[in-house]
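**Q** Submitted below is the structure of interest, expressed as C-alpha cells.
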Amino acid sequence: MRTPDGQEWSYADLLDESGLVAVALQSLGVVPADRVAVRVEKSAQAVLLYIACLRLGAVFVPVNTAYSAAEVEYFLTDCKPRVVVVDPSDVPALEPRGLVEHTVTMGADGRGSLMDLAWRCDPDISPGARPFEAPRGLRADSLAAIIYTSGTTGRSKGAMLTRKNLGSNADTLAASWRFSGDDVLLHVLPLFHVHGLFAAINTVLASGSSMILLPTKFDAADAVRRLTEATVFMGVPTHYTRLLQEGGLNRDSTARMRLFVSGSAPLLAETHQEFSRRTGHHILERYGMTETLMNTSNPYDGARVPGSVGPPLPGIEVRVIDPESGAVTTVPDSIGTLEIKGPNVFAGYWQDPDKTAKEFSADGWFRTGDLGKIDSQGYVHIVGRVKDLVISGGYNVYPKEVEIELDAVPGVLESAVFGVPHPDFGEGVTAAVVLRKGAQLNEAGILEAVRSRLARYKLPKRILLMSELPRNTMGKVQKNVLRATNDSLYAPRK
Ligand code: MCA
Ligand code: AMP
C-alpha cells in the first residue's frame with residue numbers, strides 16, 4: 001500500500017501494524033463481536049484499523065464523514081460501539097454526549113490517540129508489551145461489519161455482514177477479475193461504503209496485490225497521471241465522466257492498465273463507448289448492494305455489454321420475479337424484481353428482525369428492490385427500481401429522509417423528493433415543495449434550514465416551489481410526472 005506522500009507498507013508491515021492497532025483496541029476492552037464505529041478521513045491508518053478489526057473479530061462500523069451530527073448520533077445510539085474512532089475535530093461535539101464508552105482519534109494524516117496507543121503496544125518500544133494473538137472461536141458466520149444503508153422509511157438500517165460474506169466475495173472477485181500479486185489498484189473511493197472498502201480493498205488483500213490510496217476528493221487530472229503507475233481502477237460513473245473530461249486520458253496514459261471497473265450506479269452506454277474510443281479499454285460494469293456485496297459482473301474475458309451488469313458471479317444466483325403474479329419468470333428478457341441467493345447475502349438488519357423478514361422471500365432469497373431482466377445470454381440488465389431511491393454520484397439517497405427534514409421546516413406544507421438526470425452526478429436530488437398559506441420562504445431559505453440536518457450529498461441541488469404536488473386519483477404523489485416535467489432541469493447529458 002502506498003500513499004501520495006511516498007509512504008509505503010509491505011504486507012509484513014500491514015500485519016505488524018494492524019496487530020498493534022488490534023492490541024490497542026483490546027486494551028480498550030474490545031472483544032470479538034464488539035462494535036468499533038469509525039468516522040475518519042481516508043488514510044493508510046484507517047485501512048490498518050479496518051484490518052485490525054477483522055483480525056480481532058470486532059464488528060467494523062464505518063460512518064460516512066458527510067453525515068450530519070444528527071445522523072451520527074442515531075448510528076452510535078443504534079449500534080452501541082465499545083469504541084468510536086473519530087477525527088480530532090469531532091471530539092468536542094461527541095464526547096460530552098456520553099454516547100460511547102471510549103472515543104479515540106485519528107486525523108486525516110492517520111495520527112491521533114489511537115495510533116499513539118498502538119505504538120505504545122509495540123514490544124520493541126515497550127518491553128513487556130504482548131504481541132497480538134488472534135482470538136479463538138471466530139466463525140464464518142461471525143459478524144465482520146455493519147454498514148448503514150438508508151431505507152424507504154427514512155431511517156437507516158445496519159446491514160450485518162459476516163466474515164463469510166466478505167471472504168467469499170473477495171475470493172470470487174479476485175478470481176473473476178484475475179487479480180494477481182502484480183496488480184496495483186488506484187484507490188479513489190471512500191472507505192466507508194461497500195465499493196471502496198470491500199470490492200476494492202478486500203479484493204486487493206485476497207490476491208496479495210498492491211494499491212495506491214488517493215484522497216476521496218476526486219482530482220481527475222491527478223488520477224490520469226497516476227494511471228501510468230497502476231493496473232486496475234474502480235469507480236462510480238461520476239469518476240468516469242470526470243476522467244473523460246481530462247485531455248490526458250488516452251491510450252498512452254492507460255497503456256499499463258489492464259482493468260477499469262464501474263459500479264454503484266448505472267453507467268451510461270455512451271460513457272462506456274466514449275471510454276473505449278478514447279482508451280481502447282472496455283469498462284467492466286458490475287452490480288452490487290450493501291446487503292449482498294457484488295452480485296453480477298460483466299466477464300473479464302468475453303463481451304462486456306454496455307448497459308448490462310453481466311451474468312451472476314460464480315456461486316451467486318439471480319432470479320426475476322414477475323411483479324404482478326409474484327412467480328419466478330424464466331422467460332428471457334421478462335422484466336421483474338431481482339432476487340439474490342448466495343454466500344454473499346448478508347445476515348439481516350441489526351436489531352430489526354421485522355425489516356429483515358420483509359426483505360427475504362419465503363424460500364430465502366433477498367429482495368433487492370431493483371427492477372431488471374436476464375437476457376438470453378444470461379446477462380442481467382437493471383432497468384429501474386421498485387424502491388424509491390435516487391443515486392447521486394454513487395451515493396444512495398432515499399427521498400423519504402430528505403422529505404422528513406423539508407417537511408419539518410416551519411412554513412413548508414409538504415414536499416416530494418425525486419431524481420432527474422444530472423451531467424456530473426448521474427441523478428440530481430431535487431425537491432418540489434408546497435408552502436403553507438402566507439409563508440415567506442424561498443429556495444435558499446429552505447436549503448439553509450435543512451443544511452445542517454442532512455449530509456451534503458443528500459441536499460437537494462434545486463428546490464422547486466409549487467402551488468400543489470401532482471397527484472393521481474388515489475391521492476398518491478406522481479413522482480413520475482415530477483421527473484418527466486423536470487427532466488432537463490440540470491444541464492442535459494452530453
Ligand atoms: C459530492 N457532492 C455531491 C456528491 N459528492 N452531491 C451529490 N452527490 C454526490 N455524490 C457535493 C459536494 O458536497 C459539493 O457540494 C459539490 O457536490 C461538489 O463536490 P465535489 O468536489 O465535486 O465532490 P467530490 O469530493 O469530487 O466527490 C464526488 C465523488 C463522490 C467522487 C463522485 O461523490 C464519491 O466519492 N462518490 C462515490 C460514492 C461511493 O463510494 N458509493 C459506493 C456506495 P457543495 O458545493 O455544496 O459543498 S456502495 C454501493 O453503492 C454498492 C454496494 C455498489 O454497488 O458499489
Ligand atoms: P447500496 O444500497 O448503496 O448498496 O446501493 C445498491 C444499489 O445501487 C442497488 O440496489 C442498485 O440500485 C444500485 N447499483 C449498484 N450497482 C449498479 C449498477 N452497476 N447499475 C445500476 N445500478 C446499480
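Following the order of the C-alpha cells, chains are lettered A, B, ..., residues in each are numbered from 1, and ligands are numbered from 1.
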What parts of stretch 122-272 of chain A does DSSP call helix (DSSP H, G or I)? I'd like the answer as a ChimeraX atom specification.

**A** /A:163-176,194-207,220-229,237-244,269-272

**Q** Which polymer residues have any atom within 7 Å of an atom of A:Ala22, counting only C-alpha atoms, with same-chain residues fewer than 5 positions away left out, as a list of chain:residue names?

**A**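 Neighbouring residues, sequence-local ones excluded: A:Ala52, A:Cys53, A:Leu56, A:Phe132.
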
**Q** With only C-alpha atoms and all ligand atoms counted and 6 Å as the cut-off, give the residues of chain A in contact with ligand 1, each with its shortest interatomic distance in Å and the pair that gives it, as a Markdown table.

**A**
| residue | atom | partner | partner_atom_place_in_ligand_line | distance |
| --- | --- | --- | --- | --- |
| A:Leu189 | CA | ligand 1 | 40 (O) | 5.2 |
| A:Pro190 | CA | ligand 1 | 40 (O) | 5.3 |
| A:His193 | CA | ligand 1 | 48 (S) | 4.8 |
| A:Val194 | CA | ligand 1 | 48 (S) | 4.4 |
| A:His195 | CA | ligand 1 | 55 (O) | 4.1 |
| A:Gly196 | CA | ligand 1 | 40 (O) | 5.8 |
| A:Thr216 | CA | ligand 1 | 35 (O) | 5.5 |
| A:Lys217 | CA | ligand 1 | 25 (O) | 3.6 |
| A:Phe218 | CA | ligand 1 | 26 (O) | 4.1 |
| A:Val236 | CA | ligand 1 | 37 (C) | 5.9 |
| A:Thr238 | CA | ligand 1 | 32 (C) | 5.1 |
| A:His239 | CA | ligand 1 | 32 (C) | 5.8 |
| A:Gly263 | CA | ligand 1 | 54 (O) | 5.1 |
| A:Ser264 | CA | ligand 1 | 54 (O) | 3.5 |
| A:Tyr287 | CA | ligand 1 | 54 (O) | 5.2 |
| A:Gly288 | CA | ligand 1 | 54 (O) | 3.5 |
| A:Met289 | CA | ligand 1 | 52 (C) | 3.7 |
| A:Thr290 | CA | ligand 1 | 52 (C) | 4.3 |
| A:Leu293 | CA | ligand 1 | 52 (C) | 5.6 |
| A:Ser392 | CA | ligand 1 | 8 (N) | 4.3 |
| A:Gly393 | CA | ligand 1 | 10 (N) | 3.4 |
| A:Gly394 | CA | ligand 1 | 41 (N) | 4.1 |
| A:Tyr395 | CA | ligand 1 | 41 (N) | 4.8 |
| A:Phe425 | CA | ligand 1 | 8 (N) | 5.7 |
| A:Arg456 | CA | ligand 1 | 13 (O) | 4.7 |
| A:Tyr457 | CA | ligand 1 | 6 (N) | 3.8 |

**Q** Show me which residues sit within 9 Å of ligand 2 when counting only C-alpha atoms and all ligand atoms, and put them as a ChimeraX atom specification.

**A** /A:148-151,193-195,236-237,262-267,285-294,296-297,307-309,368-371,381-385,387,389-391,394-397

**Q** My list of candidates is A:Ala37, A:Leu161, A:Leu28, A:Ala58. Which is closest to A:Trp350 when distances are computed with only C-alpha atoms?

**A** A:Leu161

**Q** Would you mind telling me which residue in A:Gly181, A:Gly158, A:Pro353, A:Pro123 lies nearest to A:Val61 when using only C-alpha atoms?

**A**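 The shortest atom-to-atom distance to A:Val61 comes from A:Gly158.
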
**Q** Find, counting only C-alpha atoms, the residue in A:Leu191, A:Ala200, A:Ala44, A:Leu25 that gets nearest to A:Leu114.

**A**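 Of all the options, A:Leu25 lies closest to A:Leu114.
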
**Q** Pick out the closest residue to A:Phe260 from this set: A:Gly419, A:Gly280, A:Gly112, A:Gly247. Count only C-alpha atoms.

**A**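 Nearest candidate to A:Phe260 out of A:Gly419, A:Gly280, A:Gly112, A:Gly247: A:Gly280.
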
**Q** A:Val21, A:Val83, A:Ala12, A:Met211: which is nearest A:Gly98, counting only C-alpha atoms?

**A**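 The closest residue to A:Gly98 is A:Val83.
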
**Q** Which residue is closest to A:Leu14? Choose from A:Tyr398, A:Phe192, A:Phe366, A:Tyr50 and count only C-alpha atoms.

**A** A:Tyr50

**Q** Would you work out the distance separating atom CA of A:Gly302 from atom CA of A:Phe275, expressed in Å to one decimal?

**A** 17.8 Å
